[in-house]
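Novice: Just so it is clear, I am handing over query-v4.txt, which has compact mmCIF, C-alpha atoms.
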# COMPACT_ATOMS: atom_id res chain seq x y z
CA MET A 1 0.45 24.33 -18.70
CA ASN A 2 -2.16 24.18 -15.95
CA LEU A 3 -0.92 25.53 -12.63
CA LEU A 4 -1.81 23.05 -9.96
CA LYS A 5 -0.85 22.66 -6.31
CA LEU A 6 0.39 19.34 -4.95
CA GLY A 7 -1.25 18.28 -1.68
CA VAL A 8 -0.30 15.14 0.27
CA ALA A 9 -2.35 14.53 3.41
CA GLY A 10 -0.52 13.17 6.39
CA MET A 11 2.98 13.74 5.01
CA THR A 12 5.02 16.87 5.48
CA LEU A 13 7.95 16.35 3.17
CA VAL A 14 10.59 18.50 1.60
CA LEU A 15 10.55 17.01 -1.90
CA GLN A 16 12.90 17.93 -4.67
CA LEU A 17 13.62 16.21 -7.96
CA ALA A 18 17.08 17.64 -8.62
CA ALA A 19 18.53 18.58 -11.99
CA GLN A 20 21.19 16.32 -13.44
CA VAL A 21 23.65 15.70 -10.64
CA ALA A 22 27.30 16.61 -10.59
CA ILE A 23 29.62 13.80 -11.62
CA ASP A 24 30.37 11.37 -8.78
CA ARG A 25 28.59 13.57 -6.24
CA ARG A 26 27.47 11.65 -3.17
CA ASP A 27 25.48 13.23 -0.37
CA ALA A 28 26.98 12.62 3.08
CA THR A 29 23.52 12.08 4.57
CA PRO A 30 20.75 10.43 2.53
CA PRO A 31 17.35 12.17 2.62
CA ALA A 32 15.19 11.27 5.62
CA ILE A 33 12.46 8.69 5.18
CA PRO A 34 9.19 9.60 6.95
CA ASP A 35 7.66 7.20 9.48
CA THR A 36 4.81 6.51 7.06
CA VAL A 37 7.18 4.69 4.65
CA SER A 38 8.89 1.30 4.96
CA VAL A 39 12.25 0.82 3.22
CA GLU A 40 14.35 -2.20 2.28
CA THR A 41 17.75 -1.11 1.02
CA ASN A 42 20.36 -2.49 -1.38
CA ILE A 43 18.52 -5.60 -2.53
CA PRO A 44 20.54 -7.36 -5.26
CA TYR A 45 18.78 -7.79 -8.59
CA ASP A 46 21.84 -9.00 -10.51
CA GLN A 47 25.41 -10.21 -9.92
CA TYR A 48 27.33 -6.90 -9.84
CA LYS A 49 27.95 -4.88 -6.70
CA GLU A 50 26.22 -1.87 -8.26
CA THR A 51 23.10 -3.77 -9.31
CA VAL A 52 21.00 -3.19 -6.22
CA LEU A 53 17.73 -1.43 -5.53
CA ASP A 54 15.69 -0.09 -2.62
CA ILE A 55 12.00 -0.82 -2.10
CA LEU A 56 9.89 1.96 -0.59
CA THR A 57 6.38 1.01 0.50
CA PRO A 58 3.54 2.90 2.22
CA LYS A 59 3.04 1.57 5.75
CA ALA A 60 -0.69 2.21 5.61
CA ALA A 61 -2.64 -1.01 5.14
CA GLY A 62 -4.32 -1.45 1.77
CA THR A 63 -7.04 -3.86 0.67
CA GLU A 64 -5.99 -3.93 -2.98
CA LYS A 65 -2.76 -4.45 -4.85
CA ARG A 66 -0.74 -1.28 -5.29
CA PRO A 67 0.69 0.31 -8.43
CA GLY A 68 4.45 -0.03 -8.82
CA LEU A 69 7.09 2.47 -9.87
CA ILE A 70 10.66 1.92 -11.04
CA MET A 71 12.82 5.01 -10.41
CA ILE A 72 16.08 5.41 -12.38
CA HIS A 73 18.45 8.25 -11.50
CA GLY A 74 20.24 10.49 -14.00
CA GLY A 75 23.83 11.62 -14.20
CA GLY A 76 24.87 11.17 -17.82
CA TRP A 77 25.55 7.43 -17.32
CA VAL A 78 28.72 8.54 -15.49
CA GLY A 79 27.45 9.84 -12.13
CA GLY A 80 24.53 10.06 -9.74
CA THR A 81 23.10 7.71 -7.12
CA LYS A 82 19.72 6.24 -6.31
CA GLU A 83 19.76 8.06 -2.95
CA GLN A 84 19.50 11.39 -4.79
CA ARG A 85 16.08 10.32 -6.10
CA ILE A 86 14.54 9.47 -2.73
CA PRO A 87 12.57 12.76 -2.58
CA ALA A 88 11.06 12.01 -5.99
CA CYS A 89 10.30 8.44 -4.87
CA LEU A 90 8.37 9.81 -1.89
CA ARG A 91 6.04 11.74 -4.17
CA TYR A 92 4.91 8.43 -5.64
CA VAL A 93 4.77 6.57 -2.32
CA ALA A 94 2.44 9.32 -1.08
CA GLN A 95 0.12 8.37 -3.95
CA GLY A 96 0.11 4.70 -2.91
CA PHE A 97 2.90 3.38 -5.15
CA VAL A 98 5.44 0.76 -4.16
CA VAL A 99 8.72 2.14 -5.51
CA ALA A 100 11.85 0.31 -6.67
CA ASN A 101 14.70 2.85 -6.58
CA VAL A 102 17.39 1.44 -8.87
CA GLU A 103 21.17 1.65 -8.94
CA TYR A 104 23.08 0.47 -12.02
CA ARG A 105 26.61 0.29 -13.41
CA LEU A 106 28.05 3.65 -14.45
CA ALA A 107 30.62 4.16 -17.20
CA ARG A 108 33.59 3.85 -14.84
CA SER A 109 32.50 0.27 -14.13
CA ALA A 110 31.15 -0.73 -17.52
CA ALA A 111 30.52 1.19 -20.74
CA ALA A 112 27.43 0.97 -22.92
CA PRO A 113 25.24 -1.02 -23.09
CA ALA A 114 25.72 -2.16 -19.46
CA ALA A 115 23.45 0.46 -17.89
CA VAL A 116 20.62 -0.49 -20.26
CA SER A 117 21.00 -4.20 -19.56
CA ASP A 118 21.05 -3.49 -15.83
CA VAL A 119 17.80 -1.53 -15.72
CA LEU A 120 16.07 -4.09 -17.93
CA ARG A 121 17.04 -6.75 -15.39
CA ALA A 122 15.89 -4.51 -12.54
CA ALA A 123 12.49 -4.13 -14.18
CA ASP A 124 12.30 -7.89 -14.70
CA TRP A 125 13.20 -8.45 -11.03
CA PHE A 126 10.48 -6.05 -9.87
CA HIS A 127 7.92 -7.72 -12.11
CA LYS A 128 8.84 -11.20 -10.83
CA ASN A 129 8.76 -10.04 -7.18
CA ALA A 130 5.57 -8.00 -7.51
CA GLY A 131 3.57 -10.48 -5.45
CA LYS A 132 5.96 -10.19 -2.51
CA TYR A 133 5.38 -6.42 -2.35
CA ASN A 134 1.64 -6.52 -3.16
CA VAL A 135 2.20 -4.81 -6.53
CA ASP A 136 -0.19 -5.14 -9.46
CA ARG A 137 1.97 -6.34 -12.36
CA LYS A 138 -0.40 -4.63 -14.80
CA ARG A 139 0.16 -1.22 -13.20
CA ILE A 140 3.94 -0.78 -13.17
CA VAL A 141 5.45 2.54 -14.31
CA VAL A 142 9.07 3.46 -14.97
CA THR A 143 10.49 6.96 -14.63
CA GLY A 144 13.79 8.81 -14.64
CA ASP A 145 15.53 12.06 -15.50
CA SER A 146 18.14 12.77 -18.19
CA ALA A 147 20.20 9.56 -18.55
CA GLY A 148 17.60 8.04 -16.23
CA GLY A 149 14.92 9.22 -18.64
CA HIS A 150 16.80 7.51 -21.46
CA LEU A 151 17.07 4.30 -19.45
CA SER A 152 13.38 4.49 -18.52
CA LEU A 153 12.47 4.80 -22.18
CA MET A 154 14.64 1.79 -22.97
CA VAL A 155 12.79 -0.23 -20.32
CA GLY A 156 9.50 0.76 -21.91
CA LEU A 157 10.37 0.65 -25.61
CA ALA A 158 13.26 -1.76 -26.24
CA SER A 159 12.20 -4.84 -28.17
CA LYS A 160 13.58 -8.36 -28.04
CA SER A 161 15.50 -7.58 -31.22
CA ALA A 162 17.69 -5.18 -29.21
CA ARG A 163 19.30 -8.21 -27.50
CA LEU A 164 19.92 -6.17 -24.35
CA GLY A 165 17.86 -7.98 -21.72
CA PRO A 166 14.29 -8.84 -20.63
CA THR A 167 11.57 -6.62 -22.10
CA GLY A 168 7.89 -5.78 -21.81
CA LYS A 169 7.52 -5.28 -18.05
CA VAL A 170 5.85 -1.86 -17.67
CA ARG A 171 2.55 -0.13 -18.46
CA ALA A 172 3.80 3.46 -18.79
CA VAL A 173 6.94 5.62 -18.95
CA VAL A 174 7.34 9.06 -17.38
CA ASN A 175 10.38 10.53 -19.10
CA PHE A 176 12.01 13.65 -17.69
CA TYR A 177 14.17 15.15 -20.49
CA GLY A 178 15.76 11.84 -21.45
CA ILE A 179 18.18 11.29 -24.32
CA THR A 180 16.25 9.64 -27.14
CA ASP A 181 18.96 9.52 -29.85
CA VAL A 182 22.36 8.58 -28.41
CA ALA A 183 24.22 9.05 -31.70
CA ASP A 184 23.15 12.70 -31.72
CA GLN A 185 25.23 13.24 -28.56
CA LEU A 186 28.35 11.47 -29.84
CA ASP A 187 29.22 13.85 -32.66
CA GLY A 188 28.27 17.21 -34.13
CA PRO A 189 26.79 20.28 -32.40
CA ASN A 190 25.04 18.24 -29.69
CA MET A 191 28.08 16.15 -28.71
CA ARG A 192 28.40 15.73 -24.95
CA LYS A 193 31.42 14.45 -23.01
CA TYR A 194 29.33 12.13 -20.83
CA ALA A 195 27.94 10.38 -23.92
CA VAL A 196 31.42 9.91 -25.39
CA THR A 197 32.61 8.51 -22.06
CA TRP A 198 29.72 6.05 -21.86
CA LEU A 199 29.98 5.00 -25.50
CA PRO A 200 33.63 5.53 -26.54
CA GLU A 201 35.23 4.98 -29.95
CA GLN A 202 35.04 1.31 -30.96
CA THR A 203 34.19 -0.91 -33.87
CA GLY A 204 30.45 -0.83 -34.49
CA ARG A 205 29.97 2.29 -32.36
CA LEU A 206 27.12 3.78 -34.39
CA GLU A 207 25.34 0.44 -34.56
CA LEU A 208 25.54 0.21 -30.77
CA ALA A 209 24.33 3.81 -30.42
CA HIS A 210 21.35 2.80 -32.55
CA ARG A 211 20.65 -0.24 -30.35
CA VAL A 212 20.64 1.83 -27.15
CA SER A 213 18.50 4.69 -28.53
CA PRO A 214 14.78 4.76 -27.62
CA ILE A 215 13.94 6.40 -30.96
CA THR A 216 14.97 3.13 -32.65
CA TYR A 217 12.05 1.24 -31.09
CA VAL A 218 9.13 3.50 -31.96
CA ARG A 219 6.07 1.41 -32.84
CA LYS A 220 2.39 1.20 -31.97
CA ASP A 221 2.45 -1.50 -29.31
CA VAL A 222 4.50 0.21 -26.61
CA PRO A 223 3.56 1.47 -23.13
CA ALA A 224 2.06 4.93 -22.75
CA VAL A 225 4.82 7.55 -22.75
CA LEU A 226 4.70 10.95 -21.04
CA THR A 227 7.68 13.22 -21.72
CA ILE A 228 8.47 16.35 -19.68
CA HIS A 229 11.11 18.57 -21.27
CA GLY A 230 12.22 22.18 -20.96
CA ASP A 231 12.33 24.15 -24.19
CA ALA A 232 15.55 25.87 -23.07
CA ASP A 233 17.43 22.67 -22.16
CA GLN A 234 21.12 23.14 -23.06
CA THR A 235 22.16 19.58 -22.19
CA VAL A 236 19.62 17.29 -23.83
CA PRO A 237 18.06 19.18 -26.76
CA TYR A 238 14.32 19.84 -26.48
CA GLU A 239 13.96 18.30 -29.93
CA HIS A 240 14.75 14.88 -28.45
CA GLY A 241 11.45 14.89 -26.58
CA VAL A 242 9.50 16.56 -29.38
CA THR A 243 10.70 14.12 -32.03
CA LEU A 244 10.06 11.03 -29.92
CA THR A 245 6.54 12.17 -29.02
CA ARG A 246 5.70 13.00 -32.62
CA GLN A 247 7.01 9.72 -33.98
CA LEU A 248 5.19 7.69 -31.34
CA ARG A 249 1.93 9.43 -32.18
CA GLU A 250 2.48 8.91 -35.90
CA ALA A 251 2.99 5.20 -35.21
CA GLY A 252 -0.33 5.08 -33.34
CA ALA A 253 1.17 4.81 -29.85
CA ASP A 254 -0.11 6.57 -26.72
CA ALA A 255 2.23 9.54 -26.16
CA GLU A 256 1.93 12.95 -24.54
CA MET A 257 4.39 15.74 -23.83
CA ILE A 258 4.52 18.54 -21.27
CA SER A 259 6.70 21.38 -22.53
CA MET A 260 8.20 23.45 -19.75
CA ARG A 261 8.46 26.98 -21.11
CA GLY A 262 11.90 28.42 -20.35
CA GLY A 263 12.85 25.22 -18.54
CA GLY A 264 16.44 24.05 -18.54
CA HIS A 265 17.96 20.71 -17.63
CA GLY A 266 16.12 20.16 -14.37
CA PHE A 267 13.38 22.19 -12.75
CA PRO A 268 13.05 24.16 -9.50
CA GLN A 269 10.76 22.99 -6.74
CA GLU A 270 7.83 25.22 -7.64
CA ARG A 271 7.72 23.98 -11.23
CA LEU A 272 7.83 20.37 -10.08
CA ASP A 273 4.89 21.12 -7.81
CA GLU A 274 3.05 22.27 -10.94
CA VAL A 275 3.92 19.28 -13.10
CA PHE A 276 3.50 16.33 -10.74
CA PRO A 277 -0.32 16.62 -10.53
CA GLN A 278 -0.33 16.44 -14.34
CA ILE A 279 1.80 13.28 -14.18
CA PHE A 280 -0.62 11.71 -11.72
CA ASP A 281 -3.55 12.74 -13.93
CA PHE A 282 -1.82 11.07 -16.90
CA LEU A 283 -1.52 7.86 -14.88
CA LYS A 284 -5.12 8.07 -13.62
CA ARG A 285 -6.46 8.43 -17.15
CA ARG A 286 -4.78 5.14 -18.01
CA GLY A 287 -6.11 3.31 -14.97
CA ILE A 288 -2.70 2.97 -13.32
CA LEU A 289 -3.37 5.30 -10.41
CA ARG A 290 -6.83 4.91 -8.90
Could you write out this file's structure as C-alpha cells?
Specialist:
Amino acid sequence: MNLLKLGVAGMTLVLQLAAQVAIDRRDATPPAIPDTVSVETNIPYDQYKETVLDILTPKAAGTEKRPGLIMIHGGGWVGGTKEQRIPACLRYVAQGFVVANVEYRLARSAAAPAAVSDVLRAADWFHKNAGKYNVDRKRIVVTGDSAGGHLSLMVGLASKSARLGPTGKVRAVVNFYGITDVADQLDGPNMRKYAVTWLPEQTGRLELAHRVSPITYVRKDVPAVLTIHGDADQTVPYEHGVTLTRQLREAGADAEMISMRGGGHGFPQERLDEVFPQIFDFLKRRGILR
C-alpha cells in the first residue's frame, strides 16, 4: 500500500474514523463542526423517529454542482450513532462533498431487514433532494464501516428483486470491512451475537439472510466498489471482502480492494491518513471527485 499524507488546506481538524463502536455508546458531546461547514441536523427521510439524517455542506461558494456522499455508521446493526461518524464526514466535506450522515433503525427498534430498507430510503431521499443541496445526482457515493459497510453495499448492489426499497441511486461504494454474507455470521465458526440479534430465529431466516446479503447481488451493472479490509479482522472475516471483490471482478464489474496488512476491525488514525488519499484517488479515476 502506498504511504501517502492527507493534507486539507484551510481546515485544522482532528479526524478519526473509529473502529466498530461499543453497543449503545453515545458520546456526551458531539464532535465540533468547523466554521467552514454548514450543518442541518435531524432531517426526516422516513416516518420513524430514528429515520433522520444530517446534511453537511462546505460553506465556500462553488460554481459547479458538488459530489454527494451518504455516510452510514457501523455498530453491528445493534449500536452506534451518526454523530460518531462526523469526523469521517468532515474528510469528505474538505474535498468538496455534500454529505448526508444517516441514522437508521437498530435491532432494538426493528429487526432485519429494517435497517436495509431505511438506508435505501435515505439514499432515495438524498437523490430526490440533490438539487436543493447543489449535488450532482450522477456523482453520489455511499460509504460505511462494518454493519455500515454492509448497508452501504446494499445501497449500491441490491436489485429490485430484493423487494427491500428504492434502488440504483449511487455511482460508487466505499466499503470499510462490511459484512457481505449475513448467513455466514448466523451460524458456524463466524457466528456473531450482533448478527443473531439483528436476524433472530424465524421462519424463512436463511432466505431473509440471503436477501440482505450484498454477495447475493453480484453482477456486472453495479456501481464501482472499493473495499478496505484488514487481513487480521477478528469480527468480520477478511474473506468477506476478498470474496466479494473477486466475484464482482469475475462478473465484469468495477471493483478494487485495499488490504490493510495486520489491520483489525477498525484502523488507527495514522493508517486512515494513509488510506484516505487512495480512496479519493479511486473516486477521481471514476470522475466523481474532480
Novice: Rounded to one decimal in Å, what is the spacing between CA of Leu90 in chain A and CA of Pro67 in chain A?
Specialist: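 If I compute the distance from CA of Leu90 in chain A to CA of Pro67 in chain A, I get 13.9 Å.
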Novice: Rounded to one decimal, what separation in Å do you get between CA of Glu256 in chain A and CA of Gln278 in chain A?
Specialist: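 Interatomic distance, CA of Glu256 in chain A to CA of Gln278 in chain A: 11.0 Å.
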Novice: Just how far from CA of Val275 in chain A is CA of Glu64 in chain A, in Å to one decimal?
Specialist: 27.2 Å
Novice: Contacts of Ser117 in chain A at 6 Å or less, counting only C-alpha atoms, minus same-chain residues fewer than 2 places along, as an NGL selection string?
Specialist: :A and (114-115 or 119-120 or 164-165)
Novice: Could you write those residues out with C-alpha atoms, as an mmCIF file, keeping the file's coordinate frame?
Specialist:
data_model
loop_
_atom_site.group_PDB
_atom_site.id
_atom_site.type_symbol
_atom_site.label_atom_id
_atom_site.label_comp_id
_atom_site.auth_asym_id
_atom_site.auth_seq_id
_atom_site.Cartn_x
_atom_site.Cartn_y
_atom_site.Cartn_z
ATOM 1 C CA ALA A 114 25.720 -2.160 -19.460
ATOM 2 C CA ALA A 115 23.450 0.460 -17.890
ATOM 3 C CA VAL A 119 17.800 -1.530 -15.720
ATOM 4 C CA LEU A 120 16.070 -4.090 -17.930
ATOM 5 C CA LEU A 164 19.920 -6.170 -24.350
ATOM 6 C CA GLY A 165 17.860 -7.980 -21.720
#
Novice: What are the closest atom pairs, with distances in Å to one decimal, for each residue of range 30-109 of chain A lying within 9 Å of range 192-206 of chain A, using only C-alpha atoms, rows by chain and rising residue number, as JSON lines?
Specialist:
{"residue": "A:Gly75", "atom": "CA", "partner": "A:Tyr194", "partner_atom": "CA", "distance": 8.6}
{"residue": "A:Gly76", "atom": "CA", "partner": "A:Tyr194", "partner_atom": "CA", "distance": 5.5}
{"residue": "A:Trp77", "atom": "CA", "partner": "A:Trp198", "partner_atom": "CA", "distance": 6.3}
{"residue": "A:Val78", "atom": "CA", "partner": "A:Tyr194", "partner_atom": "CA", "distance": 6.5}
{"residue": "A:Leu106", "atom": "CA", "partner": "A:Trp198", "partner_atom": "CA", "distance": 8.0}
{"residue": "A:Ala107", "atom": "CA", "partner": "A:Trp198", "partner_atom": "CA", "distance": 5.1}
{"residue": "A:Arg108", "atom": "CA", "partner": "A:Trp198", "partner_atom": "CA", "distance": 8.3}
Novice: Considering only C-alpha atoms, state which residue in the set A:Leu186, A:Gly144, A:Thr51, A:Tyr92 is at the smallest distance from Arg121 in chain A.
Specialist: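 Checking each candidate against Arg121 in chain A, we get A:Thr51 as the closest.
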Novice: Could you pull the residues within 9 Å of His265 in chain A, counting all atoms listed in the file, minus those fewer than 6 positions along the same chain, as JSON, numbers by chain?
Specialist: {"A": [19, 20, 146, 177, 229, 230, 232, 233, 234, 235, 236]}
Novice: For the residues in that selection, give me C-alpha atoms as a CSV table (one decimal), in the coordinates of the input.
Specialist:
chain,number,residue,atom,x,y,z
A,19,ALA,CA,18.5,18.6,-12.0
A,20,GLN,CA,21.2,16.3,-13.4
A,146,SER,CA,18.1,12.8,-18.2
A,177,TYR,CA,14.2,15.2,-20.5
A,229,HIS,CA,11.1,18.6,-21.3
A,230,GLY,CA,12.2,22.2,-21.0
A,232,ALA,CA,15.6,25.9,-23.1
A,233,ASP,CA,17.4,22.7,-22.2
A,234,GLN,CA,21.1,23.1,-23.1
A,235,THR,CA,22.2,19.6,-22.2
A,236,VAL,CA,19.6,17.3,-23.8
Novice: Around all listed atoms of range 82-90 of chain A, padded 5 Å per side, what centre and edge lengths does the axis-aligned box have in Å to one decimal, as lines of an AutoDock Vina configuration file?
Specialist:
center_x = 14.1
center_y = 9.5
center_z = -4.1
size_x = 21.4
size_y = 16.5
size_z = 14.4
Novice: Find the residue from A:Arg271, A:Arg139, A:Lys284, A:Arg105 that sits nearest to Ile70 in chain A; use only C-alpha atoms when measuring.
Specialist: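 Checking each of A:Arg271, A:Arg139, A:Lys284, A:Arg105 against Ile70 in chain A, counting only C-alpha atoms, the winner is A:Arg139.
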Novice: Could you check the closest approach to Pro31 in chain A for each of A:Gln84, A:Asn175, A:Thr57, A:Ser109 and tell me which residue wins, using only C-alpha atoms?
Specialist: A:Gln84
Novice: Out of A:Lys59, A:Lys132, A:Lys220, A:His127, which residue has the shortest atom-to-atom distance to Gly96 in chain A when counting only C-alpha atoms?
Specialist: A:Lys59
Novice: Could you check the closest approach to Asp54 in chain A for each of A:Tyr104, A:Arg91, A:Gly241, A:Asp35 and tell me which residue wins, using all atoms listed in the file?
Specialist: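 Of A:Tyr104, A:Arg91, A:Gly241, A:Asp35, the one nearest Asp54 in chain A, counting all atoms listed in the file, is A:Tyr104.
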Novice: Mind checking which residues fall within 6 Å of Asp145 in chain A, counting all atoms listed in the file, ignoring those fewer than 2 positions away in the same chain, and posting them as a list in words?
Specialist: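 The neighbour list is Gly74, Gly148, Gly149, Phe176 and Gly178 of chain A.
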Novice: Using all atoms listed in the file, which of A:Ala209, A:Ala32, A:Met257, A:Leu153 sits nearest Arg85 in chain A?
Specialist: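 When distances to Arg85 in chain A are compared using all atoms listed in the file, the smallest one comes from A:Ala32.
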Novice: Show me, as a ChimeraX atom specification, the residues that have an atom within 7 Å of Val225 in chain A when counting only C-alpha atoms, minus same-chain residues fewer than 3 positions from it.
Specialist: /A:172-174,254-256
